[in-house]
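> This is protein.cif, which holds mmCIF, C-alpha atoms, pLDDT in the B column; chains and numbers go by the auth columns:
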data_query
loop_
_atom_site.group_PDB
_atom_site.id
_atom_site.type_symbol
_atom_site.label_atom_id
_atom_site.label_comp_id
_atom_site.label_asym_id
_atom_site.label_seq_id
_atom_site.Cartn_x
_atom_site.Cartn_y
_atom_site.Cartn_z
_atom_site.B_iso_or_equiv
_atom_site.auth_seq_id
_atom_site.auth_asym_id
ATOM 1 C CA MET A 1 24.143 -26.064 -34.986 73.00 1 T
ATOM 2 C CA GLY A 2 26.980 -23.590 -34.515 81.00 2 T
ATOM 3 C CA ALA A 3 28.415 -22.354 -31.225 81.00 3 T
ATOM 4 C CA GLY A 4 26.801 -18.903 -31.715 79.00 4 T
ATOM 5 C CA ALA A 5 23.365 -20.412 -32.281 80.00 5 T
ATOM 6 C CA MET A 6 23.744 -22.679 -29.239 83.00 6 T
ATOM 7 C CA LEU A 7 24.765 -19.728 -27.058 85.00 7 T
ATOM 8 C CA GLY A 8 21.765 -17.751 -28.335 84.00 8 T
ATOM 9 C CA LEU A 9 19.414 -20.650 -27.527 85.00 9 T
ATOM 10 C CA VAL A 10 20.836 -20.998 -24.008 84.00 10 T
ATOM 11 C CA LEU A 11 20.510 -17.250 -23.458 85.00 11 T
ATOM 12 C CA LEU A 12 16.887 -17.345 -24.673 86.00 12 T
ATOM 13 C CA VAL A 13 16.025 -20.185 -22.274 84.00 13 T
ATOM 14 C CA VAL A 14 17.663 -18.345 -19.334 84.00 14 T
ATOM 15 C CA VAL A 15 15.805 -15.102 -20.115 86.00 15 T
ATOM 16 C CA LEU A 16 12.479 -16.944 -20.421 85.00 16 T
ATOM 17 C CA ALA A 17 13.092 -18.772 -17.124 85.00 17 T
ATOM 18 C CA LEU A 18 13.916 -15.501 -15.326 85.00 18 T
ATOM 19 C CA ALA A 19 10.891 -13.717 -16.784 85.00 19 T
ATOM 20 C CA THR A 20 8.620 -16.602 -15.767 85.00 20 T
ATOM 21 C CA ALA A 21 10.056 -16.645 -12.227 82.00 21 T
ATOM 22 C CA PHE A 22 9.547 -12.887 -11.895 82.00 22 T
ATOM 23 C CA GLY A 23 5.967 -13.141 -13.187 78.00 23 T
ATOM 24 C CA LEU A 24 5.156 -15.913 -10.714 78.00 24 T
ATOM 25 C CA TYR A 25 6.692 -13.893 -7.876 76.00 25 T
ATOM 26 C CA ARG A 26 4.612 -10.812 -8.775 74.00 26 T
ATOM 27 C CA ARG A 27 1.472 -12.902 -9.079 71.00 27 T
ATOM 28 C CA ALA A 28 2.061 -14.393 -5.627 72.00 28 T
ATOM 29 C CA THR A 29 2.866 -11.101 -3.869 70.00 29 T
ATOM 30 C CA ASP A 30 0.710 -8.421 -5.529 73.00 30 T
ATOM 31 C CA GLY A 31 -2.187 -7.237 -3.415 70.00 31 T
ATOM 32 C CA ARG A 32 -1.231 -9.216 -0.294 78.00 32 T
ATOM 33 C CA MET A 33 -1.803 -7.448 3.005 75.00 33 T
ATOM 34 C CA ARG A 34 1.362 -7.247 5.061 76.00 34 T
ATOM 35 C CA THR A 35 1.801 -6.114 8.626 76.00 35 T
ATOM 36 C CA VAL A 36 3.739 -2.855 8.794 76.00 36 T
ATOM 37 C CA ALA A 37 7.112 -2.906 10.562 62.00 37 T
ATOM 38 C CA ALA A 38 8.249 -0.344 13.098 52.00 38 T
ATOM 39 C CA PRO A 39 8.815 3.164 11.738 47.00 39 T
ATOM 40 C CA VAL A 40 12.249 4.350 10.693 45.00 40 T
ATOM 41 C CA ALA A 41 14.059 6.148 13.529 42.00 41 T
ATOM 42 C CA ALA A 42 15.082 9.192 11.486 43.00 42 T
ATOM 43 C CA PRO A 43 12.391 11.094 9.583 48.00 43 T
ATOM 44 C CA ILE A 44 12.802 11.457 5.847 46.00 44 T
ATOM 45 C CA PRO A 45 13.489 15.094 4.898 50.00 45 T
ATOM 46 C CA VAL A 46 10.713 16.714 2.874 50.00 46 T
ATOM 47 C CA ALA A 47 9.791 20.168 1.663 51.00 47 T
ATOM 48 C CA ASP A 48 8.896 22.729 4.339 55.00 48 T
ATOM 49 C CA ASP A 49 5.283 23.008 3.164 56.00 49 T
ATOM 50 C CA ALA A 50 4.673 19.227 3.064 51.00 50 T
ATOM 51 C CA PRO A 51 2.300 17.668 5.596 51.00 51 T
ATOM 52 C CA GLU A 52 4.255 15.812 8.233 52.00 52 T
ATOM 53 C CA VAL A 53 3.666 12.195 9.178 50.00 53 T
ATOM 54 C CA ASP A 54 3.565 11.860 12.950 49.00 54 T
ATOM 55 C CA VAL A 55 5.845 8.982 14.003 45.00 55 T
ATOM 56 C CA THR A 56 6.625 10.226 17.505 44.00 56 T
ATOM 57 C CA THR A 57 3.402 9.417 19.351 41.00 57 T
ATOM 58 C CA PRO A 58 3.387 6.496 21.798 39.00 58 T
ATOM 59 C CA THR A 59 0.430 5.077 19.873 38.00 59 T
ATOM 60 C CA ALA A 60 2.490 4.822 16.708 38.00 60 T
ATOM 61 C CA ALA A 61 5.463 3.312 18.507 38.00 61 T
ATOM 62 C CA GLU A 62 3.450 0.669 20.350 38.00 62 T
ATOM 63 C CA HIS A 63 1.706 -0.498 17.190 36.00 63 T
ATOM 64 C CA GLY A 64 4.825 -0.501 15.019 46.00 64 T
ATOM 65 C CA GLY A 65 3.378 1.746 12.318 62.00 65 T
ATOM 66 C CA GLU A 66 3.344 5.397 11.449 79.00 66 T
ATOM 67 C CA ARG A 67 0.380 7.556 12.405 86.00 67 T
ATOM 68 C CA LEU A 68 -1.469 9.587 9.788 90.00 68 T
ATOM 69 C CA THR A 69 -3.883 12.342 10.750 90.00 69 T
ATOM 70 C CA ALA A 70 -6.982 13.667 9.016 90.00 70 T
ATOM 71 C CA GLN A 71 -5.021 16.869 8.344 90.00 71 T
ATOM 72 C CA VAL A 72 -2.290 14.970 6.487 90.00 72 T
ATOM 73 C CA LEU A 73 -4.789 12.909 4.475 91.00 73 T
ATOM 74 C CA GLY A 74 -7.165 15.777 3.751 90.00 74 T
ATOM 75 C CA ALA A 75 -10.227 13.795 4.903 91.00 75 T
ATOM 76 C CA ASP A 76 -11.731 12.472 8.125 93.00 76 T
ATOM 77 C CA LEU A 77 -10.628 9.088 9.402 94.00 77 T
ATOM 78 C CA GLY A 78 -13.165 6.302 9.876 93.00 78 T
ATOM 79 C CA ALA A 79 -14.443 5.654 13.391 93.00 79 T
ATOM 80 C CA GLN A 80 -13.082 2.072 13.347 94.00 80 T
ATOM 81 C CA ALA A 81 -10.593 1.990 10.458 95.00 81 T
ATOM 82 C CA THR A 82 -9.542 3.834 7.315 95.00 82 T
ATOM 83 C CA LEU A 83 -8.458 2.453 3.945 96.00 83 T
ATOM 84 C CA VAL A 84 -6.019 4.840 2.261 96.00 84 T
ATOM 85 C CA GLN A 85 -5.400 4.225 -1.435 96.00 85 T
ATOM 86 C CA PHE A 86 -2.576 5.844 -3.383 96.00 86 T
ATOM 87 C CA SER A 87 -3.467 6.008 -7.083 95.00 87 T
ATOM 88 C CA THR A 88 -2.414 7.602 -10.351 94.00 88 T
ATOM 89 C CA ALA A 89 -4.578 8.817 -13.227 90.00 89 T
ATOM 90 C CA PHE A 90 -3.758 6.109 -15.782 91.00 90 T
ATOM 91 C CA CYS A 91 -3.527 3.152 -13.395 92.00 91 T
ATOM 92 C CA GLN A 92 -6.046 0.484 -14.422 93.00 92 T
ATOM 93 C CA PRO A 93 -5.680 -1.615 -11.226 93.00 93 T
ATOM 94 C CA CYS A 94 -6.333 1.588 -9.238 95.00 94 T
ATOM 95 C CA ARG A 95 -9.890 1.728 -10.613 95.00 95 T
ATOM 96 C CA ALA A 96 -10.571 -1.859 -9.607 95.00 96 T
ATOM 97 C CA THR A 97 -9.018 -1.207 -6.191 95.00 97 T
ATOM 98 C CA ARG A 98 -11.300 1.815 -5.731 96.00 98 T
ATOM 99 C CA ARG A 99 -14.358 -0.360 -6.414 96.00 99 T
ATOM 100 C CA ILE A 100 -13.213 -3.070 -3.999 96.00 100 T
ATOM 101 C CA LEU A 101 -12.441 -0.618 -1.187 96.00 101 T
ATOM 102 C CA ASP A 102 -15.750 1.222 -1.697 96.00 102 T
ATOM 103 C CA GLU A 103 -17.603 -2.106 -1.455 96.00 103 T
ATOM 104 C CA VAL A 104 -15.735 -3.049 1.718 96.00 104 T
ATOM 105 C CA THR A 105 -16.473 0.294 3.399 96.00 105 T
ATOM 106 C CA THR A 106 -20.188 -0.166 2.728 96.00 106 T
ATOM 107 C CA MET A 107 -20.010 -3.679 4.225 94.00 107 T
ATOM 108 C CA VAL A 108 -17.963 -2.851 7.332 93.00 108 T
ATOM 109 C CA PRO A 109 -19.476 -0.145 9.567 93.00 109 T
ATOM 110 C CA GLY A 110 -17.166 2.572 10.881 94.00 110 T
ATOM 111 C CA THR A 111 -14.703 2.363 7.999 95.00 111 T
ATOM 112 C CA SER A 112 -13.880 4.956 5.391 96.00 112 T
ATOM 113 C CA HIS A 113 -11.952 5.001 2.119 96.00 113 T
ATOM 114 C CA ILE A 114 -9.634 7.871 1.189 96.00 114 T
ATOM 115 C CA GLU A 115 -8.057 7.961 -2.268 96.00 115 T
ATOM 116 C CA ILE A 116 -4.918 10.055 -2.687 95.00 116 T
ATOM 117 C CA ASP A 117 -3.476 11.108 -6.040 95.00 117 T
ATOM 118 C CA ALA A 118 0.151 10.001 -5.744 94.00 118 T
ATOM 119 C CA GLU A 119 1.340 12.460 -8.401 94.00 119 T
ATOM 120 C CA ALA A 120 -0.148 15.425 -6.529 93.00 120 T
ATOM 121 C CA HIS A 121 1.263 14.366 -3.135 93.00 121 T
ATOM 122 C CA LEU A 122 4.856 13.398 -3.930 93.00 122 T
ATOM 123 C CA ASP A 123 6.251 14.440 -0.548 92.00 123 T
ATOM 124 C CA LEU A 124 3.795 12.160 1.265 92.00 124 T
ATOM 125 C CA VAL A 125 4.533 9.375 -1.231 93.00 125 T
ATOM 126 C CA ARG A 126 8.248 9.695 -0.451 93.00 126 T
ATOM 127 C CA GLN A 127 7.661 9.816 3.309 91.00 127 T
ATOM 128 C CA LEU A 128 5.591 6.644 3.228 92.00 128 T
ATOM 129 C CA ASP A 129 7.835 4.894 0.690 91.00 129 T
ATOM 130 C CA ILE A 130 5.041 4.366 -1.850 92.00 130 T
ATOM 131 C CA ARG A 131 6.756 2.812 -4.877 91.00 131 T
ATOM 132 C CA ARG A 132 3.831 1.583 -6.998 92.00 132 T
ATOM 133 C CA THR A 133 0.176 2.240 -7.449 92.00 133 T
ATOM 134 C CA PRO A 134 -2.174 1.104 -6.226 94.00 134 T
ATOM 135 C CA THR A 135 -0.828 0.951 -2.683 95.00 135 T
ATOM 136 C CA VAL A 136 -3.376 0.506 0.100 95.00 136 T
ATOM 137 C CA LEU A 137 -2.715 1.365 3.741 95.00 137 T
ATOM 138 C CA VAL A 138 -5.048 0.082 6.442 95.00 138 T
ATOM 139 C CA LEU A 139 -5.212 2.473 9.394 94.00 139 T
ATOM 140 C CA ASP A 140 -6.718 1.710 12.774 93.00 140 T
ATOM 141 C CA ALA A 141 -9.103 4.128 14.522 91.00 141 T
ATOM 142 C CA ARG A 142 -6.171 6.290 15.696 92.00 142 T
ATOM 143 C CA GLY A 143 -4.620 6.536 12.228 92.00 143 T
ATOM 144 C CA VAL A 144 -1.781 4.088 12.894 92.00 144 T
ATOM 145 C CA ILE A 145 -0.747 2.187 9.757 93.00 145 T
ATOM 146 C CA ALA A 146 -1.379 -1.469 10.567 93.00 146 T
ATOM 147 C CA LYS A 147 -1.352 -3.153 7.145 92.00 147 T
ATOM 148 C CA ARG A 148 -0.098 -2.382 3.654 92.00 148 T
ATOM 149 C CA ALA A 149 -0.766 -3.908 0.236 93.00 149 T
ATOM 150 C CA VAL A 150 0.906 -3.107 -3.082 92.00 150 T
ATOM 151 C CA GLY A 151 -1.084 -3.997 -6.166 92.00 151 T
ATOM 152 C CA LEU A 152 -4.734 -4.968 -6.545 93.00 152 T
ATOM 153 C CA PRO A 153 -5.902 -6.428 -3.212 93.00 153 T
ATOM 154 C CA ARG A 154 -8.506 -9.157 -2.929 93.00 154 T
ATOM 155 C CA LYS A 155 -11.710 -8.154 -1.154 94.00 155 T
ATOM 156 C CA ALA A 156 -11.366 -11.070 1.292 93.00 156 T
ATOM 157 C CA ASP A 157 -7.843 -9.946 2.252 93.00 157 T
ATOM 158 C CA VAL A 158 -9.033 -6.379 2.927 94.00 158 T
ATOM 159 C CA ILE A 159 -11.906 -7.636 5.091 94.00 159 T
ATOM 160 C CA ALA A 160 -9.532 -9.949 6.979 93.00 160 T
ATOM 161 C CA ALA A 161 -7.105 -7.065 7.581 93.00 161 T
ATOM 162 C CA LEU A 162 -9.935 -4.960 8.973 94.00 162 T
ATOM 163 C CA GLY A 163 -11.022 -7.866 11.153 92.00 163 T
ATOM 164 C CA GLU A 164 -7.569 -7.942 12.725 91.00 164 T
ATOM 165 C CA ILE A 165 -7.587 -4.271 13.733 91.00 165 T
ATOM 166 C CA ILE A 166 -11.249 -3.547 14.551 88.00 166 T
ATOM 167 C CA PRO A 167 -12.063 -4.540 18.132 82.00 167 T
ATOM 168 C CA ALA A 168 -14.803 -7.147 18.470 74.00 168 T
#
Would you encode the structure as C-alpha cells?

Amino acid sequence: MGAGAMLGLVLLVVVLALATAFGLYRRATDGRMRTVAAPVAAPIPVADDAPEVDVTTPTAAEHGGERLTAQVLGADLGAQATLVQFSTAFCQPCRATRRILDEVTTMVPGTSHIEIDAEAHLDLVRQLDIRRTPTVLVLDARGVIAKRAVGLPRKADVIAALGEIIPA
C-alpha cells in the first residue's frame, strides 16, 4: 500500500470518527429541556416595527429569563404555563413537536401551546437567538422563559419542565 493510499485511509477513519462523535452529541442533546440563563444586558437591535421582548421587568430579572407578552406572541398566554414552538414549513420534527405539545396541553390544565412561524417572525427569532427549528420555550404564568429545548422534545421532558414551574 502506497503512502497516498495510507494517508487517504487515515483521513477516512478520522472523518468517520468525527462524524460519529457529532451524531452521538446531537442525539444526546436534541430535545433536552435546559434552564434559561439570565438575559443579556444589552438588547439586540431590531427593526422599528418589530415586537419588543421585555427584559427589564423585575419578574424577568428574578427568574433569569426573558419575559414574553401575549402581544409579542400574538396569542393569549396559558393561566399556568405556555409552550411556545418556533417552526418552519418544511420541518418534519416540527410536526411531531406540535403533536407532542398539543397532547401535553390537553393533559396539563392551565397550559397553552403557541406555534410561531420562524420565517415570518425573523426579528423575534433573532432577539431570542433561535438557531434551529423546532425550538420550544416553556414560559411560566407571567411569560418568563424558564426552559428551552432545541430539537424534538420528549413528552416526559416537557411534562417534567412544566412540573418545575407550575406551583403545586
> Using only C-alpha atoms, find the one residue out of T:Ala118, T:Leu73, T:Ala149, T:Ala17 that sits nearest to Phe90 of chain T.
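The shortest atom-to-atom distance to Phe90 of chain T comes from T:Ala118.
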> Suppose a student applies the PyMOL selection byres ((chain T and resi 98) around 10) to this structure; what residues should they get, written as a PDB file with C-alpha atoms, in the coordinates of the input?

ATOM      1  CA  GLN T  85      -5.400   4.225  -1.435  1.00 96.00           C
ATOM      2  CA  PHE T  86      -2.576   5.844  -3.383  1.00 96.00           C
ATOM      3  CA  SER T  87      -3.467   6.008  -7.083  1.00 95.00           C
ATOM      4  CA  PRO T  93      -5.680  -1.615 -11.226  1.00 93.00           C
ATOM      5  CA  CYS T  94      -6.333   1.588  -9.238  1.00 95.00           C
ATOM      6  CA  ARG T  95      -9.890   1.728 -10.613  1.00 95.00           C
ATOM      7  CA  ALA T  96     -10.571  -1.859  -9.607  1.00 95.00           C
ATOM      8  CA  THR T  97      -9.018  -1.207  -6.191  1.00 95.00           C
ATOM      9  CA  ARG T  99     -14.358  -0.360  -6.414  1.00 96.00           C
ATOM     10  CA  ILE T 100     -13.213  -3.070  -3.999  1.00 96.00           C
ATOM     11  CA  LEU T 101     -12.441  -0.618  -1.187  1.00 96.00           C
ATOM     12  CA  ASP T 102     -15.750   1.222  -1.697  1.00 96.00           C
ATOM     13  CA  GLU T 103     -17.603  -2.106  -1.455  1.00 96.00           C
ATOM     14  CA  VAL T 104     -15.735  -3.049   1.718  1.00 96.00           C
ATOM     15  CA  HIS T 113     -11.952   5.001   2.119  1.00 96.00           C
ATOM     16  CA  ILE T 114      -9.634   7.871   1.189  1.00 96.00           C
ATOM     17  CA  GLU T 115      -8.057   7.961  -2.268  1.00 96.00           C
ATOM     18  CA  PRO T 134      -2.174   1.104  -6.226  1.00 94.00           C
ATOM     19  CA  VAL T 136      -3.376   0.506   0.100  1.00 95.00           C
ATOM     20  CA  LEU T 152      -4.734  -4.968  -6.545  1.00 93.00           C
TER      21      LEU T 152
END
> Please provide as an MDAnalysis selection string all residues within 12 Å of segment 161-166 of chain T, with the sequence filter that same-chain residues fewer than 6 positions apart are discarded (counting all atoms listed in the file).
chainID T and resid 32:36 63 78:83 101 104:105 107:112 136:149 153:155
> For the atom pair atom CA of Val150 of chain T and atom CA of Arg26 of chain T, what is the interatomic distance in Å to one decimal place?
10.3 Å
> How far is it from atom CA of Asp129 of chain T to atom CA of Ala160 of chain T, in Å with one decimal?
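The value is 23.7 Å.
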> Please write out, as lines of an AutoDock Vina configuration file, where the centre of an axis-aligned box around all listed atoms of segment 157-168 of chain T lies and how long its edges are, in Å to one decimal, after adding 8 Å on each side.

center_x = -11.0
center_y = -6.7
center_z = 10.4
size_x = 23.7
size_y = 22.4
size_z = 32.2
> One number please: atom CA of Ala21 of chain T to atom CA of Asp157 of chain T, in Å, one decimal.
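Between these atoms lies a distance of 24.0 Å.
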> Just checking: using only C-alpha atoms, which residue out of T:Ala70, T:Ala5, T:Leu18, T:Ile130 ends up closest to Gly151 of chain T?
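Ranking T:Ala70, T:Ala5, T:Leu18, T:Ile130 by distance to Gly151 of chain T, first place goes to T:Ile130.
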> Any chance you could turn segment 121-167 of chain T into a file with C-alpha atoms, as a tab-separated table (two decimals), in the first residue's frame?

chain	number	residue	atom	x	y	z
T	121	HIS	CA	-41.06	36.44	12.60
T	122	LEU	CA	-37.35	36.84	11.90
T	123	ASP	CA	-36.88	39.80	14.25
T	124	LEU	CA	-38.27	37.80	17.18
T	125	VAL	CA	-36.17	34.80	16.15
T	126	ARG	CA	-33.05	36.99	16.24
T	127	GLN	CA	-34.00	38.55	19.58
T	128	LEU	CA	-34.48	35.16	21.19
T	129	ASP	CA	-31.46	33.58	19.47
T	130	ILE	CA	-33.49	30.82	17.80
T	131	ARG	CA	-30.99	28.95	15.63
T	132	ARG	CA	-32.88	25.78	14.66
T	133	THR	CA	-36.39	24.53	14.41
T	134	PRO	CA	-38.13	23.20	16.28
T	135	THR	CA	-37.21	25.28	19.32
T	136	VAL	CA	-39.58	25.12	22.29
T	137	LEU	CA	-39.71	27.74	25.04
T	138	VAL	CA	-41.52	26.99	28.29
T	139	LEU	CA	-42.98	30.14	29.83
T	140	ASP	CA	-44.34	30.45	33.35
T	141	ALA	CA	-47.69	32.12	34.08
T	142	ARG	CA	-46.11	35.60	33.79
T	143	GLY	CA	-44.48	34.86	30.42
T	144	VAL	CA	-40.94	34.46	31.78
T	145	ILE	CA	-38.89	31.98	29.74
T	146	ALA	CA	-37.96	29.22	32.19
T	147	LYS	CA	-36.88	26.35	29.93
T	148	ARG	CA	-35.74	25.89	26.34
T	149	ALA	CA	-35.35	22.85	24.09
T	150	VAL	CA	-33.87	22.67	20.60
T	151	GLY	CA	-34.97	19.71	18.52
T	152	LEU	CA	-37.78	17.23	19.06
T	153	PRO	CA	-38.53	17.12	22.81
T	154	ARG	CA	-39.72	14.01	24.61
T	155	LYS	CA	-43.20	14.25	26.11
T	156	ALA	CA	-41.88	13.24	29.55
T	157	ASP	CA	-39.29	16.05	29.46
T	158	VAL	CA	-41.96	18.64	28.59
T	159	ILE	CA	-44.21	17.43	31.41
T	160	ALA	CA	-41.27	17.50	33.84
T	161	ALA	CA	-40.40	21.05	32.78
T	162	LEU	CA	-43.98	22.13	33.39
T	163	GLY	CA	-43.92	20.40	36.77
T	164	GLU	CA	-40.94	22.53	37.77
T	165	ILE	CA	-42.63	25.85	37.00
T	166	ILE	CA	-46.31	25.23	37.84
T	167	PRO	CA	-46.97	25.75	41.55
